[in-house]
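File shown: protein-v6.tsv (TSV, C-alpha atoms).
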chain	number	residue	atom	x	y	z
A	1	MET	CA	-67.72	37.36	-22.35
A	2	ALA	CA	-70.73	37.31	-20.04
A	3	MET	CA	-71.68	33.98	-18.52
A	4	ALA	CA	-74.94	32.30	-19.45
A	5	GLU	CA	-77.76	32.40	-16.90
A	6	THR	CA	-77.60	28.63	-16.31
A	7	GLU	CA	-73.87	28.84	-15.53
A	8	PHE	CA	-74.54	31.89	-13.34
A	9	LYS	CA	-77.14	29.96	-11.31
A	10	GLU	CA	-74.74	27.01	-10.90
A	11	VAL	CA	-71.93	29.28	-9.68
A	12	ILE	CA	-74.27	30.94	-7.14
A	13	GLU	CA	-75.60	27.58	-5.90
A	14	GLU	CA	-72.04	26.29	-5.42
A	15	LEU	CA	-71.13	29.45	-3.50
A	16	ILE	CA	-74.18	29.12	-1.24
A	17	ILE	CA	-73.28	25.48	-0.47
A	18	GLN	CA	-69.71	26.54	0.39
A	19	ILE	CA	-71.02	29.26	2.72
A	20	GLU	CA	-73.43	26.81	4.40
A	21	ASP	CA	-70.58	24.31	4.90
A	22	ALA	CA	-68.33	27.02	6.36
A	23	LEU	CA	-71.12	28.17	8.71
A	24	GLU	CA	-71.61	24.57	9.89
A	25	GLU	CA	-67.92	24.43	10.89
A	26	LEU	CA	-68.21	27.50	13.13
A	27	ASP	CA	-68.67	26.96	16.85
A	28	ASN	CA	-71.40	29.52	17.47
A	29	ASN	CA	-75.13	30.11	17.19
A	30	ILE	CA	-75.40	31.35	13.61
A	31	ASP	CA	-78.34	29.84	11.77
A	32	TYR	CA	-79.22	29.99	8.09
A	33	GLU	CA	-82.00	29.23	5.64
A	34	SER	CA	-81.65	28.84	1.90
A	35	SER	CA	-84.03	28.50	-0.98
A	36	ASP	CA	-83.77	29.08	-4.71
A	37	GLY	CA	-80.64	31.18	-4.92
A	38	MET	CA	-81.10	33.04	-1.66
A	39	LEU	CA	-79.30	32.48	1.64
A	40	THR	CA	-80.44	34.17	4.84
A	41	ILE	CA	-77.88	34.10	7.65
A	42	ILE	CA	-79.46	34.66	11.06
A	43	MET	CA	-77.09	35.87	13.75
A	44	GLU	CA	-77.44	35.04	17.45
A	45	ASN	CA	-78.69	38.62	18.05
A	46	LYS	CA	-81.37	38.01	15.36
A	47	SER	CA	-79.81	40.42	12.85
A	48	GLN	CA	-79.61	39.01	9.34
A	49	LEU	CA	-77.44	38.99	6.25
A	50	ILE	CA	-79.08	38.08	2.97
A	51	ILE	CA	-77.15	36.76	-0.01
A	52	ASN	CA	-79.05	36.34	-3.24
A	53	ARG	CA	-78.62	36.17	-6.95
A	54	GLN	CA	-79.82	38.95	-9.20
A	55	SER	CA	-80.29	37.04	-12.44
A	56	ALA	CA	-81.21	40.01	-14.64
A	57	ALA	CA	-77.91	41.72	-13.84
A	58	LEU	CA	-75.93	38.46	-13.41
A	59	GLN	CA	-74.86	39.75	-10.01
A	60	LEU	CA	-74.55	38.43	-6.50
A	61	TRP	CA	-76.09	40.75	-3.90
A	62	LEU	CA	-75.36	40.96	-0.18
A	63	ALA	CA	-77.61	42.88	2.21
A	64	ALA	CA	-76.18	43.58	5.67
A	65	LYS	CA	-76.64	46.12	8.46
A	66	SER	CA	-73.79	48.16	6.98
A	67	GLY	CA	-75.45	48.35	3.56
A	68	GLY	CA	-76.01	46.61	0.28
A	69	PHE	CA	-73.25	45.23	-1.93
A	70	HIS	CA	-73.39	44.10	-5.56
A	71	PHE	CA	-70.79	41.72	-6.98
A	72	ASP	CA	-69.77	40.90	-10.54
A	73	TYR	CA	-68.10	37.61	-11.40
A	74	ASP	CA	-64.56	37.49	-12.76
A	75	ASP	CA	-63.18	34.15	-14.00
A	76	GLU	CA	-59.82	34.76	-12.34
A	77	LYS	CA	-60.75	36.73	-9.22
A	78	GLY	CA	-64.21	35.36	-8.41
A	79	TRP	CA	-66.93	37.67	-7.06
A	80	GLN	CA	-65.80	41.31	-6.85
A	81	ASP	CA	-67.69	44.32	-5.47
A	82	ASP	CA	-68.86	46.40	-8.45
A	83	ARG	CA	-67.79	49.64	-6.73
A	84	SER	CA	-64.62	48.89	-4.73
A	85	GLY	CA	-63.37	45.72	-6.44
A	86	GLU	CA	-63.08	44.09	-3.01
A	87	ALA	CA	-63.56	40.31	-2.88
A	88	PHE	CA	-66.97	38.95	-1.80
A	89	ILE	CA	-65.52	36.79	0.99
A	90	ASP	CA	-63.69	39.76	2.53
A	91	ILE	CA	-66.87	41.85	2.63
A	92	LEU	CA	-68.95	38.91	3.88
A	93	ASN	CA	-66.49	38.20	6.72
A	94	ARG	CA	-66.39	41.89	7.67
A	95	CYS	CA	-70.22	42.09	7.75
A	96	LEU	CA	-70.49	38.84	9.74
A	97	THR	CA	-67.91	40.11	12.25
A	98	GLU	CA	-69.69	43.47	12.60
A	99	GLN	CA	-73.09	41.88	13.16
A	100	ALA	CA	-71.84	39.17	15.53
A	101	ASN	CA	-69.65	41.56	17.55
A	102	GLU	CA	-66.94	38.90	17.36
A	103	LYS	CA	-64.38	37.84	14.75
A	104	ILE	CA	-65.89	35.53	12.14
A	105	GLU	CA	-63.71	34.24	9.34
A	106	LEU	CA	-65.33	31.92	6.83
A	107	GLU	CA	-63.02	30.11	4.45
A	108	LEU	CA	-64.45	29.16	1.08
A	109	GLU	CA	-62.89	26.72	-1.35

Take the structure in the file and give it back as structure tokens.
Amino acid sequence: MAMAETEFKEVIEELIIQIEDALEELDNNIDYESSDGMLTIIMENKSQLIINRQSAALQLWLAAKSGGFHFDYDDEKGWQDDRSGEAFIDILNRCLTEQANEKIELELE
């Protein structure tokens, strides 16, 4: 059963807060800005990753240098890439590491 849009927005907001908290714990110069379901992560080299909700499709989208990723929500597995089935956090950490040119490993609750 598909989740309602209000629940979808709540799940995305919670995820964005978790990512912000994880970024705060890192000891580096990664900055971020968030507003209304969109999180822009600004790397030290000024490259960006953008995480946002796509309400019409009930998807979470990630835009990075390496490409765009679309994620569907699964109650048991969380956010999964709609093509590969890979977990959101794994793709996010890989993109962060690629763009920072150093290992970045965020841990979300």

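Put simply, CA of Thr6 (chain A) is 22.6 Å away from CA of Ile89 (chain A).
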
Contacts of Val11 (chain A) within 12 Å, only C-alpha atoms, excl. fewer than 3 positions in-chain, as a list in words: Met3, Ala4, Glu5, Thr6, Glu7, Phe8, Glu14, Leu15, Ile16, Ile17, Gln18, Gly37, Asn52, Arg53, Ser55, Leu58, Gln59, Leu60, Asp72, Tyr73, Asp74, Asp75, Gly78 and Trp79 of chain A

How would the residues just picked look written out with C-alpha atoms as a compact mmCIF listing (two decimals), in the coordinates of the input?
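Output file out_25.txt follows:
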# COMPACT_ATOMS: atom_id res chain seq x y z
CA MET A 3 -71.68 33.98 -18.52
CA ALA A 4 -74.94 32.30 -19.45
CA GLU A 5 -77.76 32.40 -16.90
CA THR A 6 -77.60 28.63 -16.31
CA GLU A 7 -73.87 28.84 -15.53
CA PHE A 8 -74.54 31.89 -13.34
CA GLU A 14 -72.04 26.29 -5.42
CA LEU A 15 -71.13 29.45 -3.50
CA ILE A 16 -74.18 29.12 -1.24
CA ILE A 17 -73.28 25.48 -0.47
CA GLN A 18 -69.71 26.54 0.39
CA GLY A 37 -80.64 31.18 -4.92
CA ASN A 52 -79.05 36.34 -3.24
CA ARG A 53 -78.62 36.17 -6.95
CA SER A 55 -80.29 37.04 -12.44
CA LEU A 58 -75.93 38.46 -13.41
CA GLN A 59 -74.86 39.75 -10.01
CA LEU A 60 -74.55 38.43 -6.50
CA ASP A 72 -69.77 40.90 -10.54
CA TYR A 73 -68.10 37.61 -11.40
CA ASP A 74 -64.56 37.49 -12.76
CA ASP A 75 -63.18 34.15 -14.00
CA GLY A 78 -64.21 35.36 -8.41
CA TRP A 79 -66.93 37.67 -7.06

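One distance worth recording is that between CA of Glu109 (chain A) and CA of Leu39 (chain A), which is 17.6 Å.
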
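Interatomic distance, CA of Glu107 (chain A) against CA of Ile19 (chain A): 8.2 Å.
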
Surrounding residues of Ser84 (chain A) excluding itself and chain neighbours under 6 positions, 12 Å, all atoms listed in the file, as a list of chain:residue names: A:Phe69, A:His70, A:Phe71, A:Asp72, A:Asp90, A:Ile91

Who sits within 6 Å of Tyr32 (chain A), all atoms listed in the file, same chain under 2 positions skipped, as a list of chain:residue names: A:Thr40, A:Ile41, A:Ile42

Mind filling out region 12-44 of chain A with N, CA and C atoms and sending it as a PDB file, in the frame of the given file?
ATOM      1  N   ILE A  12     -73.651  30.426  -8.378  1.00  0.00           N
ATOM      2  CA  ILE A  12     -74.270  30.940  -7.140  1.00  0.00           C
ATOM      3  C   ILE A  12     -74.626  29.782  -6.201  1.00  0.00           C
ATOM      4  N   GLU A  13     -75.222  28.726  -6.736  1.00  0.00           N
ATOM      5  CA  GLU A  13     -75.600  27.580  -5.900  1.00  0.00           C
ATOM      6  C   GLU A  13     -74.370  26.978  -5.227  1.00  0.00           C
ATOM      7  N   GLU A  14     -73.278  26.837  -5.977  1.00  0.00           N
ATOM      8  CA  GLU A  14     -72.040  26.290  -5.420  1.00  0.00           C
ATOM      9  C   GLU A  14     -71.518  27.195  -4.299  1.00  0.00           C
ATOM     10  N   LEU A  15     -71.574  28.502  -4.514  1.00  0.00           N
ATOM     11  CA  LEU A  15     -71.130  29.450  -3.500  1.00  0.00           C
ATOM     12  C   LEU A  15     -71.979  29.336  -2.232  1.00  0.00           C
ATOM     13  N   ILE A  16     -73.286  29.238  -2.392  1.00  0.00           N
ATOM     14  CA  ILE A  16     -74.180  29.120  -1.240  1.00  0.00           C
ATOM     15  C   ILE A  16     -73.881  27.840  -0.449  1.00  0.00           C
ATOM     16  N   ILE A  17     -73.630  26.749  -1.142  1.00  0.00           N
ATOM     17  CA  ILE A  17     -73.280  25.480  -0.470  1.00  0.00           C
ATOM     18  C   ILE A  17     -71.972  25.634   0.301  1.00  0.00           C
ATOM     19  N   GLN A  18     -70.991  26.317  -0.301  1.00  0.00           N
ATOM     20  CA  GLN A  18     -69.710  26.540   0.390  1.00  0.00           C
ATOM     21  C   GLN A  18     -69.908  27.386   1.645  1.00  0.00           C
ATOM     22  N   ILE A  19     -70.752  28.412   1.562  1.00  0.00           N
ATOM     23  CA  ILE A  19     -71.020  29.260   2.720  1.00  0.00           C
ATOM     24  C   ILE A  19     -71.726  28.450   3.813  1.00  0.00           C
ATOM     25  N   GLU A  20     -72.723  27.651   3.421  1.00  0.00           N
ATOM     26  CA  GLU A  20     -73.430  26.810   4.400  1.00  0.00           C
ATOM     27  C   GLU A  20     -72.450  25.859   5.098  1.00  0.00           C
ATOM     28  N   ASP A  21     -71.566  25.225   4.322  1.00  0.00           N
ATOM     29  CA  ASP A  21     -70.580  24.310   4.900  1.00  0.00           C
ATOM     30  C   ASP A  21     -69.660  25.041   5.869  1.00  0.00           C
ATOM     31  N   ALA A  22     -69.216  26.234   5.487  1.00  0.00           N
ATOM     32  CA  ALA A  22     -68.330  27.020   6.360  1.00  0.00           C
ATOM     33  C   ALA A  22     -69.051  27.445   7.631  1.00  0.00           C
ATOM     34  N   LEU A  23     -70.334  27.801   7.522  1.00  0.00           N
ATOM     35  CA  LEU A  23     -71.120  28.170   8.710  1.00  0.00           C
ATOM     36  C   LEU A  23     -71.287  26.981   9.645  1.00  0.00           C
ATOM     37  N   GLU A  24     -71.463  25.784   9.077  1.00  0.00           N
ATOM     38  CA  GLU A  24     -71.610  24.570   9.890  1.00  0.00           C
ATOM     39  C   GLU A  24     -70.360  24.306  10.721  1.00  0.00           C
ATOM     40  N   GLU A  25     -69.185  24.680  10.199  1.00  0.00           N
ATOM     41  CA  GLU A  25     -67.920  24.430  10.890  1.00  0.00           C
ATOM     42  C   GLU A  25     -67.674  25.413  12.037  1.00  0.00           C
ATOM     43  N   LEU A  26     -68.393  26.517  12.062  1.00  0.00           N
ATOM     44  CA  LEU A  26     -68.210  27.500  13.130  1.00  0.00           C
ATOM     45  C   LEU A  26     -68.801  26.975  14.436  1.00  0.00           C
ATOM     46  N   ASP A  27     -68.172  27.367  15.537  1.00  0.00           N
ATOM     47  CA  ASP A  27     -68.670  26.960  16.850  1.00  0.00           C
ATOM     48  C   ASP A  27     -69.419  28.131  17.478  1.00  0.00           C
ATOM     49  N   ASN A  28     -70.576  28.447  16.912  1.00  0.00           N
ATOM     50  CA  ASN A  28     -71.400  29.520  17.470  1.00  0.00           C
ATOM     51  C   ASN A  28     -72.850  29.316  17.071  1.00  0.00           C
ATOM     52  N   ASN A  29     -73.698  30.264  17.403  1.00  0.00           N
ATOM     53  CA  ASN A  29     -75.130  30.110  17.190  1.00  0.00           C
ATOM     54  C   ASN A  29     -75.628  30.871  15.965  1.00  0.00           C
ATOM     55  N   ILE A  30     -74.936  30.732  14.860  1.00  0.00           N
ATOM     56  CA  ILE A  30     -75.400  31.350  13.610  1.00  0.00           C
ATOM     57  C   ILE A  30     -76.246  30.317  12.883  1.00  0.00           C
ATOM     58  N   ASP A  31     -77.433  30.722  12.486  1.00  0.00           N
ATOM     59  CA  ASP A  31     -78.340  29.840  11.770  1.00  0.00           C
ATOM     60  C   ASP A  31     -78.462  30.351  10.336  1.00  0.00           C
ATOM     61  N   TYR A  32     -79.006  29.547   9.474  1.00  0.00           N
ATOM     62  CA  TYR A  32     -79.220  29.990   8.090  1.00  0.00           C
ATOM     63  C   TYR A  32     -80.365  29.227   7.456  1.00  0.00           C
ATOM     64  N   GLU A  33     -80.942  29.854   6.451  1.00  0.00           N
ATOM     65  CA  GLU A  33     -82.000  29.230   5.640  1.00  0.00           C
ATOM     66  C   GLU A  33     -81.679  29.538   4.193  1.00  0.00           C
ATOM     67  N   SER A  34     -81.882  28.566   3.319  1.00  0.00           N
ATOM     68  CA  SER A  34     -81.650  28.840   1.900  1.00  0.00           C
ATOM     69  C   SER A  34     -82.770  28.272   1.064  1.00  0.00           C
ATOM     70  N   SER A  35     -83.060  29.000  -0.016  1.00  0.00           N
ATOM     71  CA  SER A  35     -84.030  28.500  -0.980  1.00  0.00           C
ATOM     72  C   SER A  35     -83.856  29.268  -2.287  1.00  0.00           C
ATOM     73  N   ASP A  36     -83.773  28.540  -3.357  1.00  0.00           N
ATOM     74  CA  ASP A  36     -83.770  29.080  -4.710  1.00  0.00           C
ATOM     75  C   ASP A  36     -82.867  30.306  -4.906  1.00  0.00           C
ATOM     76  N   GLY A  37     -81.589  30.118  -4.647  1.00  0.00           N
ATOM     77  CA  GLY A  37     -80.640  31.180  -4.920  1.00  0.00           C
ATOM     78  C   GLY A  37     -80.558  32.277  -3.897  1.00  0.00           C
ATOM     79  N   MET A  38     -81.149  32.036  -2.722  1.00  0.00           N
ATOM     80  CA  MET A  38     -81.100  33.040  -1.660  1.00  0.00           C
ATOM     81  C   MET A  38     -80.696  32.364  -0.352  1.00  0.00           C
ATOM     82  N   LEU A  39     -79.761  32.987   0.358  1.00  0.00           N
ATOM     83  CA  LEU A  39     -79.300  32.480   1.640  1.00  0.00           C
ATOM     84  C   LEU A  39     -79.496  33.569   2.683  1.00  0.00           C
ATOM     85  N   THR A  40     -80.243  33.252   3.732  1.00  0.00           N
ATOM     86  CA  THR A  40     -80.440  34.170   4.840  1.00  0.00           C
ATOM     87  C   THR A  40     -79.636  33.652   6.018  1.00  0.00           C
ATOM     88  N   ILE A  41     -78.701  34.465   6.492  1.00  0.00           N
ATOM     89  CA  ILE A  41     -77.880  34.100   7.650  1.00  0.00           C
ATOM     90  C   ILE A  41     -78.448  34.852   8.846  1.00  0.00           C
ATOM     91  N   ILE A  42     -78.812  34.091   9.883  1.00  0.00           N
ATOM     92  CA  ILE A  42     -79.460  34.660  11.060  1.00  0.00           C
ATOM     93  C   ILE A  42     -78.462  34.596  12.213  1.00  0.00           C
ATOM     94  N   MET A  43     -78.075  35.774  12.681  1.00  0.00           N
ATOM     95  CA  MET A  43     -77.090  35.870  13.750  1.00  0.00           C
ATOM     96  C   MET A  43     -77.750  35.579  15.103  1.00  0.00           C
ATOM     97  N   GLU A  44     -76.924  35.320  16.107  1.00  0.00           N
ATOM     98  CA  GLU A  44     -77.440  35.040  17.450  1.00  0.00           C
ATOM     99  C   GLU A  44     -78.296  36.199  17.970  1.00  0.00           C
TER     100      GLU A  44
END
